[in-house]
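Chemist: Have a look at this one.
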Amino acid sequence: MTYLDRMQPGQRGKVVGFVDDSPVARRLVELGVVPGELLEYLRNAPLRDPLEIRVGASFLSLRRAEASLVAIEVDE
């Protein structure tokens with residue numbers, strides 16, 4: 001298990017859960033980042049912040065601080 005902010009572009013994984021029950025984590029759930037959902041880390045901005053992910057049919061840009069709240073099981 002790792003966290004979304006530690007993944008590399010091109011990696012895929014399954015959402016395991018969240019570090020805490022913060023308002024940011026609740027907002028991510030509203031946007032479709034729910035436990036059991038598959039996601040793909042697409043790319044970084046030039047200074048590595050924000051990062052872009054694909055969850056289902058949606059594309060999201062997240063700050064590294066937000067991404068660090070999401071626990072991921074990376075596909076090998």
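Going by the structure tokens order, chains are called A, B, ..., each with residues numbered from 1, while ligands are numbered from 1 in the order shown.
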Extract, using only C-alpha atoms, all DNA, RNA and protein residues at most 12 Å from Ala67 of chain A, discarding same-chain residues fewer than 5 positions from it, and format them as number ranges by chain.
Modeler: A: 2-7, 15, 17-19, 24-25, 28, 33, 41, 48-53, 60-62, 72
Chemist: Chain A: which residues are strand (DSSP E or B) by DSSP, as a compact mmCIF listing (two decimals) with C-alpha atoms, in the first residue's frame?
Modeler:
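Listed below is the output, selection_5.txt:
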```
# COMPACT_ATOMS: atom_id res chain seq x y z
CA THR A 2 1.14 3.54 -0.75
CA TYR A 3 -0.36 7.00 -1.06
CA ARG A 12 -2.77 2.49 -11.78
CA GLY A 13 -4.23 1.39 -8.52
CA LYS A 14 -7.28 0.85 -6.37
CA VAL A 15 -8.38 3.27 -3.67
CA VAL A 16 -8.08 1.59 -0.26
CA GLY A 17 -9.22 4.46 1.96
CA PHE A 18 -8.25 7.80 3.45
CA LEU A 38 -9.70 2.14 -9.83
CA LEU A 39 -7.69 5.22 -10.72
CA GLU A 40 -4.80 6.11 -12.99
CA TYR A 41 -2.10 8.68 -12.26
CA LEU A 42 -1.77 10.54 -15.55
CA ARG A 43 0.78 13.34 -15.17
CA ASN A 44 2.39 16.05 -13.04
CA LEU A 51 -1.13 16.12 -10.36
CA GLU A 52 -3.80 14.76 -12.70
CA ILE A 53 -5.65 11.49 -12.17
CA ARG A 54 -8.43 9.65 -13.98
CA VAL A 55 -11.18 8.07 -11.89
CA SER A 58 -13.59 11.84 -14.74
CA PHE A 59 -10.27 13.68 -14.77
CA LEU A 60 -9.21 15.43 -11.54
CA SER A 61 -6.33 17.73 -10.68
CA LEU A 62 -5.23 17.43 -7.07
CA VAL A 70 -5.61 8.82 -0.37
CA ALA A 71 -4.29 5.31 0.36
CA ILE A 72 -3.75 3.26 -2.80
CA GLU A 73 -3.06 -0.40 -3.61
CA VAL A 74 -0.87 -0.10 -6.72
```
Chemist: From the list A:Gly56, A:Gly32, A:Pro23, A:Gly10, which residue is nearest Asp75 of chain A when using only C-alpha atoms?
Modeler: A:Gly10
Chemist: Would you give me, as JSON, numbers by chain, the residues in chain A that DSSP reads as helix (DSSP H, G or I)?
Modeler: {"A": [4, 5, 6, 23, 24, 25, 26, 27, 28, 29, 30, 64, 65, 66, 67]}
